[in-house]
file query-v3.txt (compact mmCIF, C-alpha atoms and all ligand atoms)
# COMPACT_ATOMS: atom_id res chain seq x y z
CA MET T 1 -115.67 -3.53 -120.95
CA SER T 2 -116.40 -0.79 -123.46
CA VAL T 3 -114.29 -0.67 -126.61
CA THR T 4 -112.42 2.58 -127.26
CA ASP T 5 -111.09 3.94 -130.51
CA PHE T 6 -107.42 3.17 -130.12
CA ASN T 7 -104.57 2.20 -132.45
CA ARG T 8 -103.07 -0.82 -130.72
CA ARG T 9 -100.23 -1.19 -133.27
CA ARG T 10 -100.79 -4.97 -133.15
CA GLU T 11 -99.35 -5.59 -136.60
CA GLU T 12 -95.98 -4.36 -135.28
CA PHE T 13 -95.74 -7.23 -132.76
CA PRO T 14 -95.46 -10.60 -134.54
CA THR T 15 -95.56 -12.52 -131.22
CA LEU T 16 -99.21 -11.52 -130.76
CA ALA T 17 -100.24 -13.95 -133.52
CA SER T 18 -99.26 -16.88 -131.30
CA GLY T 19 -101.79 -16.26 -128.55
CA ILE T 20 -102.93 -13.85 -125.86
CA HIS T 21 -99.83 -12.12 -124.50
CA LEU T 22 -100.44 -10.83 -120.95
CA LEU T 23 -96.81 -10.90 -119.81
CA SER T 24 -95.72 -7.25 -119.97
CA HIS T 25 -94.68 -7.40 -116.30
CA SER T 26 -92.04 -9.95 -117.37
CA LEU T 27 -90.99 -9.82 -121.01
CA GLY T 28 -92.90 -7.70 -123.52
CA PRO T 29 -93.37 -8.89 -127.12
CA VAL T 30 -90.64 -7.92 -129.59
CA PRO T 31 -91.50 -5.11 -132.04
CA SER T 32 -90.88 -6.25 -135.64
CA THR T 33 -88.56 -3.26 -136.20
CA VAL T 34 -86.11 -4.70 -133.67
CA ARG T 35 -84.93 -7.03 -136.44
CA GLU T 36 -83.88 -4.01 -138.57
CA SER T 37 -82.33 -2.36 -135.55
CA MET T 38 -80.25 -5.46 -134.77
CA LEU T 39 -79.15 -5.61 -138.40
CA GLU T 40 -77.97 -2.01 -138.14
CA TYR T 41 -75.91 -3.10 -135.16
CA CYS T 42 -74.40 -6.01 -137.15
CA ASP T 43 -73.68 -3.70 -140.11
CA ALA T 44 -71.93 -1.15 -137.92
CA TRP T 45 -69.82 -3.94 -136.39
CA GLU T 46 -69.02 -5.47 -139.79
CA HIS T 47 -67.88 -2.11 -141.21
CA HIS T 48 -66.04 -1.01 -138.10
CA THR T 49 -62.60 -1.02 -139.79
CA SER T 50 -63.72 1.41 -142.49
CA GLU T 51 -66.19 3.41 -140.40
CA ASP T 52 -65.32 3.38 -136.69
CA ALA T 53 -68.51 2.05 -135.06
CA TRP T 54 -67.65 3.60 -131.68
CA ALA T 55 -67.01 7.04 -133.12
CA THR T 56 -69.93 7.11 -135.55
CA SER T 57 -72.70 5.73 -133.35
CA TRP T 58 -71.94 3.37 -130.48
CA TRP T 59 -70.24 5.75 -128.07
CA GLU T 60 -73.15 8.19 -127.98
CA LEU T 61 -75.84 5.51 -128.08
CA SER T 62 -76.06 5.13 -124.28
CA GLN T 63 -76.78 8.80 -123.95
CA ARG T 64 -79.30 8.75 -126.81
CA VAL T 65 -81.21 5.86 -125.26
CA GLY T 66 -80.78 7.38 -121.79
CA ASP T 67 -82.40 10.63 -122.94
CA ARG T 68 -85.33 8.73 -124.48
CA VAL T 69 -85.83 6.86 -121.20
CA ALA T 70 -85.50 10.13 -119.24
CA HIS T 71 -88.38 11.59 -121.25
CA LEU T 72 -90.61 8.62 -120.32
CA LEU T 73 -89.64 8.99 -116.66
CA GLY T 74 -90.57 12.67 -116.61
CA GLY T 75 -86.94 13.75 -116.38
CA SER T 76 -84.77 16.10 -118.44
CA PRO T 77 -82.09 15.08 -120.98
CA GLY T 78 -78.86 14.18 -119.17
CA SER T 79 -80.61 12.66 -116.16
CA VAL T 80 -80.39 8.95 -117.08
CA GLN T 81 -77.37 6.64 -117.35
CA ILE T 82 -78.00 3.26 -118.98
CA GLN T 83 -76.98 0.33 -116.74
CA PRO T 84 -76.40 -3.38 -117.38
CA ASN T 85 -79.59 -4.07 -115.40
CA ALA T 86 -81.69 -2.59 -112.59
CA SER T 87 -79.78 -4.50 -109.90
CA ILE T 88 -76.51 -2.83 -110.94
CA GLY T 89 -78.33 0.52 -111.05
CA LEU T 90 -79.32 -0.01 -107.41
CA ALA T 91 -75.87 -1.27 -106.39
CA THR T 92 -74.31 1.81 -108.00
CA VAL T 93 -76.50 4.07 -105.87
CA ALA T 94 -75.76 2.01 -102.73
CA SER T 95 -72.06 2.47 -103.42
CA CYS T 96 -72.43 6.25 -103.12
CA PHE T 97 -73.14 6.00 -99.38
CA ASP T 98 -70.60 5.70 -96.58
CA PHE T 99 -72.91 4.10 -94.04
CA ALA T 100 -70.29 3.47 -91.35
CA ALA T 101 -69.15 7.10 -91.33
CA SER T 102 -72.43 8.64 -90.27
CA ARG T 103 -75.27 8.25 -87.77
CA ARG T 104 -77.52 8.83 -90.77
CA ASN T 105 -77.21 5.26 -91.96
CA LYS T 106 -80.80 3.98 -92.10
CA VAL T 107 -82.26 2.66 -95.36
CA VAL T 108 -86.06 2.32 -95.49
CA THR T 109 -87.43 -0.38 -97.82
CA THR T 110 -90.64 -2.42 -97.92
CA ALA T 111 -91.58 -6.10 -97.88
CA LEU T 112 -93.06 -5.77 -101.39
CA ASP T 113 -89.81 -4.85 -103.13
CA PHE T 114 -88.13 -7.04 -105.72
CA PRO T 115 -85.67 -9.54 -104.11
CA SER T 116 -82.62 -7.78 -105.67
CA MET T 117 -83.37 -4.83 -103.38
CA GLU T 118 -83.39 -7.06 -100.33
CA TYR T 119 -80.14 -8.82 -101.30
CA ILE T 120 -78.31 -5.60 -102.08
CA TRP T 121 -79.41 -3.86 -98.86
CA GLU T 122 -78.65 -6.98 -96.83
CA ALA T 123 -75.10 -6.83 -98.21
CA GLN T 124 -74.80 -3.16 -97.17
CA LYS T 125 -75.32 -4.15 -93.52
CA GLN T 126 -71.70 -5.34 -93.55
CA LEU T 127 -70.75 -1.75 -94.39
CA GLY T 128 -72.74 -0.25 -91.53
CA ALA T 129 -76.17 0.23 -93.09
CA HIS T 130 -79.19 -0.14 -90.82
CA VAL T 131 -81.95 -1.60 -93.00
CA HIS T 132 -85.57 -1.02 -91.99
CA VAL T 133 -88.08 -3.12 -93.94
CA VAL T 134 -91.61 -1.74 -93.63
CA PRO T 135 -93.84 -4.83 -93.34
CA CYS T 136 -96.86 -5.74 -95.44
CA ASP T 137 -99.70 -7.36 -93.47
CA ASP T 138 -102.14 -8.23 -96.23
CA GLY T 139 -99.68 -9.42 -98.88
CA VAL T 140 -100.87 -6.63 -101.18
CA THR T 141 -100.20 -3.16 -99.74
CA VAL T 142 -97.87 -1.27 -97.40
CA PRO T 143 -99.83 1.60 -95.84
CA LEU T 144 -98.37 4.98 -96.76
CA GLU T 145 -98.47 6.16 -93.12
CA ARG T 146 -96.18 3.29 -92.12
CA ILE T 147 -93.64 4.21 -94.76
CA LEU T 148 -93.78 7.87 -93.75
CA GLU T 149 -93.45 7.00 -90.05
CA ALA T 150 -90.32 4.94 -90.75
CA ILE T 151 -88.52 7.94 -92.27
CA ASP T 152 -86.63 9.74 -89.50
CA ASP T 153 -83.56 11.90 -88.94
CA GLU T 154 -81.28 8.86 -89.18
CA THR T 155 -82.61 7.88 -92.61
CA CYS T 156 -80.18 8.42 -95.46
CA LEU T 157 -82.25 6.72 -98.18
CA VAL T 158 -85.80 5.54 -98.78
CA ALA T 159 -85.49 2.85 -101.46
CA LEU T 160 -88.61 1.02 -102.56
CA ALA T 161 -90.61 -0.27 -105.49
CA HIS T 162 -92.85 2.33 -107.07
CA THR T 163 -95.03 -0.54 -108.28
CA SER T 164 -94.56 -3.96 -106.69
CA TYR T 165 -93.74 -6.94 -108.92
CA ARG T 166 -95.71 -9.08 -106.46
CA SER T 167 -99.04 -7.30 -106.02
CA SER T 168 -98.91 -4.33 -108.43
CA TYR T 169 -99.23 -2.04 -105.37
CA ARG T 170 -98.15 1.49 -106.31
CA VAL T 171 -96.86 3.91 -103.69
CA ASP T 172 -97.45 7.67 -103.51
CA ALA T 173 -94.10 8.91 -104.87
CA GLY T 174 -94.79 12.61 -104.22
CA ALA T 175 -95.76 12.14 -100.55
CA ILE T 176 -92.77 9.85 -99.83
CA THR T 177 -90.30 12.21 -101.50
CA GLU T 178 -91.71 15.21 -99.66
CA ARG T 179 -91.39 13.49 -96.26
CA ALA T 180 -87.94 12.10 -97.00
CA HIS T 181 -86.58 15.45 -98.12
CA SER T 182 -88.07 17.20 -95.09
CA ARG T 183 -86.07 14.77 -92.93
CA GLY T 184 -82.88 15.13 -94.96
CA ALA T 185 -83.13 11.72 -96.68
CA LEU T 186 -82.91 10.82 -100.36
CA VAL T 187 -85.41 8.67 -102.29
CA LEU T 188 -84.89 5.87 -104.79
CA LEU T 189 -87.87 4.33 -106.58
CA ASP T 190 -87.72 1.10 -108.54
CA VAL T 191 -90.00 1.97 -111.46
CA TYR T 192 -89.39 -1.21 -113.46
CA GLN T 193 -93.07 -2.16 -113.14
CA SER T 194 -94.30 1.40 -113.80
CA ALA T 195 -92.33 2.90 -116.69
CA GLY T 196 -94.27 2.55 -119.92
CA VAL T 197 -97.66 1.86 -118.31
CA VAL T 198 -97.96 4.52 -115.59
CA GLU T 199 -97.13 8.19 -116.03
CA LEU T 200 -94.00 9.15 -114.11
CA HIS T 201 -92.97 12.64 -113.01
CA ALA T 202 -89.37 12.39 -111.87
CA ALA T 203 -88.69 16.13 -112.07
CA ASP T 204 -92.01 17.22 -110.51
CA TRP T 205 -91.67 14.74 -107.66
CA GLN T 206 -88.06 15.85 -107.20
CA VAL T 207 -87.23 12.21 -106.58
CA ASP T 208 -83.49 11.55 -106.34
CA PHE T 209 -83.08 8.20 -108.10
CA LEU T 210 -85.14 5.93 -110.32
CA ILE T 211 -84.05 2.49 -111.48
CA GLY T 212 -85.58 0.06 -113.97
CA GLY T 213 -85.08 -1.58 -117.33
CA THR T 214 -86.59 -1.89 -120.76
CA ILE T 215 -87.74 -5.50 -121.19
CA LYS T 216 -91.15 -5.26 -119.59
CA TRP T 217 -93.63 -2.48 -120.35
CA LEU T 218 -91.15 -0.69 -122.65
CA CYS T 219 -91.00 -3.54 -125.19
CA GLY T 220 -87.20 -3.64 -125.33
CA GLY T 221 -84.65 -6.46 -125.19
CA PRO T 222 -82.74 -7.69 -122.12
CA ALA T 223 -79.70 -6.15 -120.40
CA CYS T 224 -80.74 -2.53 -120.80
CA GLY T 225 -81.27 -1.16 -117.31
CA TYR T 226 -81.32 2.53 -116.41
CA LEU T 227 -80.56 4.84 -113.52
CA TYR T 228 -82.08 8.31 -113.22
CA VAL T 229 -80.25 10.72 -110.92
CA ARG T 230 -81.71 14.13 -110.05
CA PRO T 231 -79.56 16.53 -112.10
CA ASP T 232 -78.59 18.86 -109.25
CA LEU T 233 -77.55 15.89 -107.10
CA GLN T 234 -75.34 14.15 -109.65
CA ARG T 235 -72.08 15.96 -108.95
CA ASP T 236 -72.34 15.39 -105.18
CA LEU T 237 -72.02 11.64 -105.64
CA LYS T 238 -69.03 9.39 -106.25
CA PRO T 239 -70.12 5.77 -106.77
CA ARG T 240 -67.59 3.21 -105.60
CA LEU T 241 -69.10 0.78 -108.12
CA THR T 242 -67.46 2.43 -111.12
CA GLY T 243 -65.20 1.96 -114.14
CA TRP T 244 -63.35 3.70 -116.94
CA VAL T 245 -66.51 4.85 -118.75
CA ALA T 246 -67.43 6.95 -115.70
CA HIS T 247 -64.15 8.91 -115.95
CA ASP T 248 -64.25 12.54 -117.02
CA ALA T 249 -61.87 11.78 -119.93
CA PRO T 250 -62.10 8.02 -120.49
CA PHE T 251 -59.83 8.03 -123.52
CA GLU T 252 -56.94 9.47 -121.54
CA PHE T 253 -56.80 6.04 -119.84
CA ALA T 254 -55.36 7.88 -116.87
CA HIS T 255 -54.14 6.30 -113.64
CA ALA T 256 -56.11 6.64 -110.40
CA PRO T 257 -57.29 8.69 -108.60
CA MET T 258 -60.62 8.59 -110.37
CA ARG T 259 -61.89 11.87 -111.83
CA TYR T 260 -65.61 11.40 -112.26
CA ALA T 261 -67.39 12.72 -115.36
CA GLY T 262 -69.30 15.94 -114.75
CA SER T 263 -72.37 14.41 -116.41
CA VAL T 264 -74.67 11.51 -115.55
CA ARG T 265 -72.02 9.29 -117.17
CA ARG T 266 -70.29 9.33 -113.76
CA PHE T 267 -72.78 6.57 -112.85
CA ALA T 268 -71.57 4.27 -115.67
CA GLN T 269 -69.12 1.41 -115.20
CA GLY T 270 -67.51 -0.34 -118.20
CA THR T 271 -68.29 -0.95 -121.89
CA PRO T 272 -72.03 -0.57 -122.54
CA SER T 273 -74.09 -3.47 -123.92
CA ILE T 274 -74.47 -2.14 -127.46
CA PRO T 275 -76.90 -4.86 -128.71
CA ALA T 276 -79.17 -4.13 -125.74
CA LEU T 277 -79.30 -0.47 -126.74
CA TYR T 278 -80.23 -1.32 -130.32
CA SER T 279 -82.90 -3.72 -129.08
CA ALA T 280 -84.47 -1.07 -126.85
CA LEU T 281 -84.90 1.76 -129.35
CA PRO T 282 -87.90 0.48 -131.38
CA GLY T 283 -90.00 -0.24 -128.27
CA LEU T 284 -89.21 3.17 -126.80
CA LYS T 285 -90.32 4.79 -130.06
CA ILE T 286 -93.63 2.92 -130.06
CA ILE T 287 -94.34 3.75 -126.40
CA GLU T 288 -93.56 7.43 -127.05
CA GLU T 289 -95.84 7.49 -130.09
CA VAL T 290 -98.77 5.76 -128.40
CA GLY T 291 -98.20 7.95 -125.33
CA VAL T 292 -98.02 6.87 -121.70
CA GLU T 293 -101.00 9.04 -120.76
CA GLN T 294 -103.21 7.11 -123.16
CA ILE T 295 -101.61 3.76 -122.19
CA GLU T 296 -102.27 4.42 -118.50
CA ARG T 297 -105.91 5.37 -119.13
CA GLU T 298 -106.41 2.20 -121.12
CA SER T 299 -104.59 0.08 -118.54
CA ARG T 300 -106.73 1.44 -115.74
CA ARG T 301 -109.96 0.74 -117.65
CA ARG T 302 -108.93 -2.86 -118.27
CA THR T 303 -107.49 -3.70 -114.85
CA GLU T 304 -110.67 -2.22 -113.34
CA ALA T 305 -112.80 -4.52 -115.51
CA MET T 306 -110.60 -7.53 -114.67
CA ILE T 307 -111.00 -6.91 -110.95
CA GLU T 308 -114.77 -6.58 -111.38
CA PHE T 309 -114.85 -9.87 -113.27
CA ALA T 310 -112.74 -11.61 -110.62
CA THR T 311 -114.82 -10.21 -107.77
CA GLU T 312 -118.06 -11.41 -109.39
CA LYS T 313 -116.54 -14.88 -109.64
CA GLY T 314 -115.54 -14.76 -105.96
CA TRP T 315 -111.82 -15.02 -106.75
CA THR T 316 -109.15 -13.65 -104.42
CA VAL T 317 -107.50 -10.61 -106.01
CA ASN T 318 -103.99 -10.00 -104.70
CA SER T 319 -103.77 -6.46 -106.10
CA PRO T 320 -105.17 -3.16 -104.77
CA ARG T 321 -108.81 -2.34 -105.61
CA ASN T 322 -108.00 1.36 -105.69
CA ALA T 323 -106.71 2.31 -109.16
CA GLN T 324 -104.55 5.09 -107.63
CA GLU T 325 -102.64 2.38 -105.77
CA ARG T 326 -102.29 -0.02 -108.68
CA GLY T 327 -99.88 -0.52 -111.57
CA GLY T 328 -100.69 -2.34 -114.82
CA SER T 329 -101.04 -5.91 -113.51
CA VAL T 330 -103.73 -7.85 -111.69
CA MET T 331 -102.73 -10.75 -109.46
CA ILE T 332 -105.24 -13.54 -108.91
CA ALA T 333 -104.86 -16.32 -106.32
CA VAL T 334 -105.01 -19.88 -107.64
CA ASN T 335 -104.34 -23.23 -105.96
CA ASP T 336 -101.39 -24.38 -107.99
CA GLY T 337 -99.89 -21.40 -109.83
CA PRO T 338 -97.31 -23.17 -112.03
CA ALA T 339 -99.87 -25.82 -113.12
CA MET T 340 -102.44 -23.15 -113.98
CA VAL T 341 -99.84 -21.18 -115.97
CA ASP T 342 -99.17 -24.34 -118.02
CA ARG T 343 -102.88 -25.06 -118.55
CA LEU T 344 -103.47 -21.49 -119.71
CA ALA T 345 -100.47 -21.68 -122.04
CA GLU T 346 -101.98 -24.81 -123.61
CA GLU T 347 -105.00 -22.62 -124.42
CA LYS T 348 -102.68 -19.91 -125.79
CA VAL T 349 -103.14 -17.57 -122.85
CA PHE T 350 -99.73 -16.43 -121.60
CA VAL T 351 -99.37 -15.26 -117.99
CA ASP T 352 -97.00 -16.24 -115.15
CA CYS T 353 -97.14 -16.70 -111.40
CA ARG T 354 -95.08 -15.79 -108.36
CA PRO T 355 -95.01 -17.18 -104.82
CA LEU T 356 -97.57 -15.37 -102.60
CA ALA T 357 -98.95 -13.48 -105.61
CA GLY T 358 -100.75 -16.10 -107.69
CA LEU T 359 -101.19 -15.44 -111.37
CA ARG T 360 -99.81 -12.17 -112.72
CA ILE T 361 -101.94 -10.90 -115.60
CA SER T 362 -100.93 -7.77 -117.50
CA PRO T 363 -102.86 -6.24 -120.38
CA HIS T 364 -100.84 -3.66 -122.34
CA PHE T 365 -101.97 -1.22 -125.04
CA PHE T 366 -101.59 -3.87 -127.79
CA ASN T 367 -104.08 -6.30 -126.20
CA THR T 368 -107.68 -6.08 -127.38
CA ASP T 369 -110.62 -6.08 -124.98
CA GLN T 370 -111.70 -9.31 -126.63
CA GLU T 371 -108.38 -10.91 -125.68
CA VAL T 372 -108.63 -9.83 -122.06
CA LEU T 373 -112.18 -11.21 -121.79
CA GLU T 374 -111.21 -14.44 -123.51
CA ALA T 375 -108.29 -14.90 -121.12
CA LEU T 376 -110.55 -14.41 -118.09
CA ASP T 377 -113.23 -16.74 -119.50
CA THR T 378 -110.56 -19.38 -120.10
CA LEU T 379 -109.26 -18.94 -116.56
CA ALA T 380 -112.81 -19.25 -115.18
CA ARG T 381 -113.35 -22.49 -117.12
CA LEU T 382 -110.02 -23.94 -115.94
CA MET T 383 -110.62 -22.86 -112.34
CA GLU T 384 -113.99 -24.59 -112.41
CA LYS T 385 -112.49 -27.72 -113.96
CA TRP T 386 -109.52 -27.92 -111.58
CA LYS T 387 -111.39 -26.48 -108.61
CA ARG T 388 -109.09 -23.45 -108.60
C1 LIG T 401 -89.73 -4.32 -109.83
C2 LIG T 401 -88.51 -5.02 -110.33
N1 LIG T 401 -87.30 -4.57 -109.97
C3 LIG T 401 -86.17 -5.16 -110.39
C4 LIG T 401 -86.22 -6.26 -111.21
C5 LIG T 401 -84.91 -6.90 -111.61
O1 LIG T 401 -84.33 -6.22 -112.64
P1 LIG T 401 -82.86 -6.62 -113.22
O2 LIG T 401 -82.94 -8.06 -113.62
O3 LIG T 401 -82.72 -5.71 -114.39
O4 LIG T 401 -81.89 -6.37 -112.17
C6 LIG T 401 -87.44 -6.76 -111.64
C7 LIG T 401 -87.49 -7.92 -112.54
O5 LIG T 401 -88.44 -8.62 -112.69
C8 LIG T 401 -88.63 -6.13 -111.17
O6 LIG T 401 -89.84 -6.58 -111.51

call {"tool": "encode", "arguments": {"input": "query-v3.txt", "output": "structure tokens"}}
result
Amino acid sequence: MSVTDFNRRREEFPTLASGIHLLSHSLGPVPSTVRESMLEYCDAWEHHTSEDAWATSWWELSQRVGDRVAHLLGGSPGSVQIQPNASIGLATVASCFDFAASRRNKVVTTALDFPSMEYIWEAQKQLGAHVHVVPCDDGVTVPLERILEAIDDETCLVALAHTSYRSSYRVDAGAITERAHSRGALVLLDVYQSAGVVELHAADWQVDFLIGGTIKWLCGGPACGYLYVRPDLQRDLKPRLTGWVAHDAPFEFAHAPMRYAGSVRRFAQGTPSIPALYSALPGLKIIEEVGVEQIERESRRRTEAMIEFATEKGWTVNSPRNAQERGGSVMIAVNDGPAMVDRLAEEKVFVDCRPLAGLRISPHFFNTDQEVLEALDTLARLMEKWKR
């Protein structure tokens, strides 16, 4: 691994002092400035009677954070609505379809998607959705041709993980969107495991929806999901999963029928999680400043080196070898995942594991090369000791 000249901003992440943090696929380390941001939130709340917190900052905060996220997704301002979490983002999109009313009722997903996807689409079957899950034979990839073949004239939506939480397999967003649109279908990508570590091009791809959240590669706190909707599609959709915040004039507190907002706010539901928004801002700022282009380059260099290391040791790598098909994590098979996670934690190396994936190991821009090597050396020692 060659060392590059790179400001890793390590001093801004106090958690890094406690060991080698390789968990960005799960929960990123908290930026120290989150403490100030949360205090601002408390101050605004405390002074609400003299300075209306909603009017002065809270009401427009969702949009402010949404626009910051949109920038990182490669979208324009006004294309992202903050959500309670990614699952609700997906359910909101699902609620825009009337599956029973049309022959175009097929939803194409893959076997590598996050379980929320599966549960939510399973539930749509009761409403007439025909769910087609493209299988994964090797536990790591879903061949692009298979996904493309599954998209036909009855497909209303192709909804899949851009990068899989299980193998770090990354699909070709441009090719999938092109095929789907040529067949009259829309595309939703779950970019939770991509945003902040892989460059995204929502507008260039012309993708219809992106969902995700801030707690992983974006170094934000929990309960701040997001939903990107292609700007020229927004007004065609009327989510049944809705609420007063999605109304065109929410403070009229008008009776039904619903009059959806003309903006991306039509995909909101109820009161936004204000603390989550405050907790997300510092991480978004750091990611913007470091730059996703640079983060991706660095990620690729390190995941490449990790795979080389693992291959030399004869380990089973449950992630794609091809960097074009990989996100920021490397999955390595071990005998007893949970036990190995505990043993590594005792040595101050923090990773996790998932069924069928093995260990999930994720270097982010703040990790040094030395840390990544030390983590792999520790793993090699423990594998030898415990016979994998
Ligand atoms: C790819 C992916 N999608 C969705 C989720 C779930 O997100 P949420 O808890 O915000 O619904 C996760 C969480 O780990 C994930 O990795």

call {"tool": "residues_near_ligand", "arguments": {"input": "query-v3.txt", "ligand": "ligand LIG 401 (chain T)", "cutoff": "7 Å", "atoms": "all atoms listed in the file", "output": "list in words"}}
result
His25, Ser26, Asn85, Ala86, Ser87, Ile88, Asp113, Phe114, Ser116, Ala161, Thr163, Ser164, Tyr165, Asp190, Val191, Tyr192, Gln193, Gly212, Gly213, Ala223 and Gly225 of chain T

call {"tool": "write_last_selection", "arguments": {"input": "query-v3.txt", "atoms": "C-alpha atoms", "output": "PDB file, in the coordinates of the input"}}
result
ATOM      1  CA  HIS T  25     -94.680  -7.400-116.300  1.00  0.00           C
ATOM      2  CA  SER T  26     -92.040  -9.950-117.370  1.00  0.00           C
ATOM      3  CA  ASN T  85     -79.590  -4.070-115.400  1.00  0.00           C
ATOM      4  CA  ALA T  86     -81.690  -2.590-112.590  1.00  0.00           C
ATOM      5  CA  SER T  87     -79.780  -4.500-109.900  1.00  0.00           C
ATOM      6  CA  ILE T  88     -76.510  -2.830-110.940  1.00  0.00           C
ATOM      7  CA  ASP T 113     -89.810  -4.850-103.130  1.00  0.00           C
ATOM      8  CA  PHE T 114     -88.130  -7.040-105.720  1.00  0.00           C
ATOM      9  CA  SER T 116     -82.620  -7.780-105.670  1.00  0.00           C
ATOM     10  CA  ALA T 161     -90.610  -0.270-105.490  1.00  0.00           C
ATOM     11  CA  THR T 163     -95.030  -0.540-108.280  1.00  0.00           C
ATOM     12  CA  SER T 164     -94.560  -3.960-106.690  1.00  0.00           C
ATOM     13  CA  TYR T 165     -93.740  -6.940-108.920  1.00  0.00           C
ATOM     14  CA  ASP T 190     -87.720   1.100-108.540  1.00  0.00           C
ATOM     15  CA  VAL T 191     -90.000   1.970-111.460  1.00  0.00           C
ATOM     16  CA  TYR T 192     -89.390  -1.210-113.460  1.00  0.00           C
ATOM     17  CA  GLN T 193     -93.070  -2.160-113.140  1.00  0.00           C
ATOM     18  CA  GLY T 212     -85.580   0.060-113.970  1.00  0.00           C
ATOM     19  CA  GLY T 213     -85.080  -1.580-117.330  1.00  0.00           C
ATOM     20  CA  ALA T 223     -79.700  -6.150-120.400  1.00  0.00           C
ATOM     21  CA  GLY T 225     -81.270  -1.160-117.310  1.00  0.00           C
TER      22      GLY T 225
END

call {"tool": "closest_residue", "arguments": {"input": "query-v3.txt", "among": "T:Val372, T:Leu148, T:Ala91, T:Val334", "to": "T:Val349", "atoms": "all atoms listed in the file"}}
result
T:Val372

call {"tool": "closest_residue", "arguments": {"input": "query-v3.txt", "among": "T:Pro29, T:Gly128, T:Pro272, T:Gly89", "to": "T:Gln63", "atoms": "all atoms listed in the file"}}
result
T:Pro272

call {"tool": "atom_distance", "arguments": {"input": "query-v3.txt", "atom1": "atom CA of T:Lys125", "atom2": "atom CA of T:Ala150"}}
result
17.8 Å

call {"tool": "atom_distance", "arguments": {"input": "query-v3.txt", "atom1": "atom CA of T:Val317", "atom2": "atom CA of T:Ser194"}}
result
19.5 Å

call {"tool": "closest_residue", "arguments": {"input": "query-v3.txt", "among": "T:Ile287, T:Leu73, T:Ala256, T:Leu16", "to": "T:Asp204", "atoms": "all atoms listed in the file"}}
result
T:Leu73

call {"tool": "residues_around", "arguments": {"input": "query-v3.txt", "residues": "T:Tyr260", "least_positions_apart": "3", "cutoff": "10 Å", "atoms": "all atoms listed in the file", "output": "list of chain:residue names"}}
result
T:Arg235, T:Leu237, T:Lys238, T:Pro239, T:Thr242, T:Gly243, T:Trp244, T:Val245, T:Ala246, T:His247, T:Asp248, T:Ala249, T:Pro250, T:Pro257, T:Ser263, T:Val264, T:Arg265, T:Arg266, T:Phe267, T:Ala268

call {"tool": "write_last_selection", "arguments": {"input": "query-v3.txt", "atoms": "C-alpha atoms", "output": "PDB file, in the coordinates of the input"}}
result
ATOM      1  CA  ARG T 235     -72.080  15.960-108.950  1.00  0.00           C
ATOM      2  CA  LEU T 237     -72.020  11.640-105.640  1.00  0.00           C
ATOM      3  CA  LYS T 238     -69.030   9.390-106.250  1.00  0.00           C
ATOM      4  CA  PRO T 239     -70.120   5.770-106.770  1.00  0.00           C
ATOM      5  CA  THR T 242     -67.460   2.430-111.120  1.00  0.00           C
ATOM      6  CA  GLY T 243     -65.200   1.960-114.140  1.00  0.00           C
ATOM      7  CA  TRP T 244     -63.350   3.700-116.940  1.00  0.00           C
ATOM      8  CA  VAL T 245     -66.510   4.850-118.750  1.00  0.00           C
ATOM      9  CA  ALA T 246     -67.430   6.950-115.700  1.00  0.00           C
ATOM     10  CA  HIS T 247     -64.150   8.910-115.950  1.00  0.00           C
ATOM     11  CA  ASP T 248     -64.250  12.540-117.020  1.00  0.00           C
ATOM     12  CA  ALA T 249     -61.870  11.780-119.930  1.00  0.00           C
ATOM     13  CA  PRO T 250     -62.100   8.020-120.490  1.00  0.00           C
ATOM     14  CA  PRO T 257     -57.290   8.690-108.600  1.00  0.00           C
ATOM     15  CA  SER T 263     -72.370  14.410-116.410  1.00  0.00           C
ATOM     16  CA  VAL T 264     -74.670  11.510-115.550  1.00  0.00           C
ATOM     17  CA  ARG T 265     -72.020   9.290-117.170  1.00  0.00           C
ATOM     18  CA  ARG T 266     -70.290   9.330-113.760  1.00  0.00           C
ATOM     19  CA  PHE T 267     -72.780   6.570-112.850  1.00  0.00           C
ATOM     20  CA  ALA T 268     -71.570   4.270-115.670  1.00  0.00           C
TER      21      ALA T 268
END

call {"tool": "closest_residue", "arguments": {"input": "query-v3.txt", "among": "T:Cys224, T:Ala180, T:Ile286, T:Val292", "to": "T:Trp205", "atoms": "all atoms listed in the file"}}
result
T:Ala180

call {"tool": "atom_distance", "arguments": {"input": "query-v3.txt", "atom1": "atom CA of T:Leu359", "atom2": "atom CA of T:Ile332"}}
result
5.1 Å

call {"tool": "residues_around", "arguments": {"input": "query-v3.txt", "residues": "T:Ala333", "least_positions_apart": "3", "cutoff": "12 Å", "atoms": "only C-alpha atoms", "output": "PyMOL selection string"}}
result
chain T and resi 139-140+166-167+310-311+314-319+330+336-338+340-341+352-361+379+383+388

call {"tool": "closest_residue", "arguments": {"input": "query-v3.txt", "among": "T:Gln269, T:Thr214, T:Ser50, T:Asn367", "to": "T:Thr15", "atoms": "only C-alpha atoms"}}
result
T:Asn367

call {"tool": "residues_near_point", "arguments": {"input": "query-v3.txt", "point": "(-87.6, -5.0, -126.6)", "cutoff": "9 Å", "atoms": "all atoms listed in the file", "output": "list in words"}}
result
Leu27, Gly28, Pro29, Val30, Pro31, Val34, Thr214, Ile215, Lys216, Leu218, Cys219, Gly220, Gly221, Pro222, Ala276, Ser279, Ala280, Leu281, Pro282, Gly283 and Leu284 of chain T

call {"tool": "closest_residue", "arguments": {"input": "query-v3.txt", "among": "T:Asp138, T:Glu289, T:Glu60, T:Glu145", "to": "T:Arg9", "atoms": "all atoms listed in the file"}}
result
T:Glu289
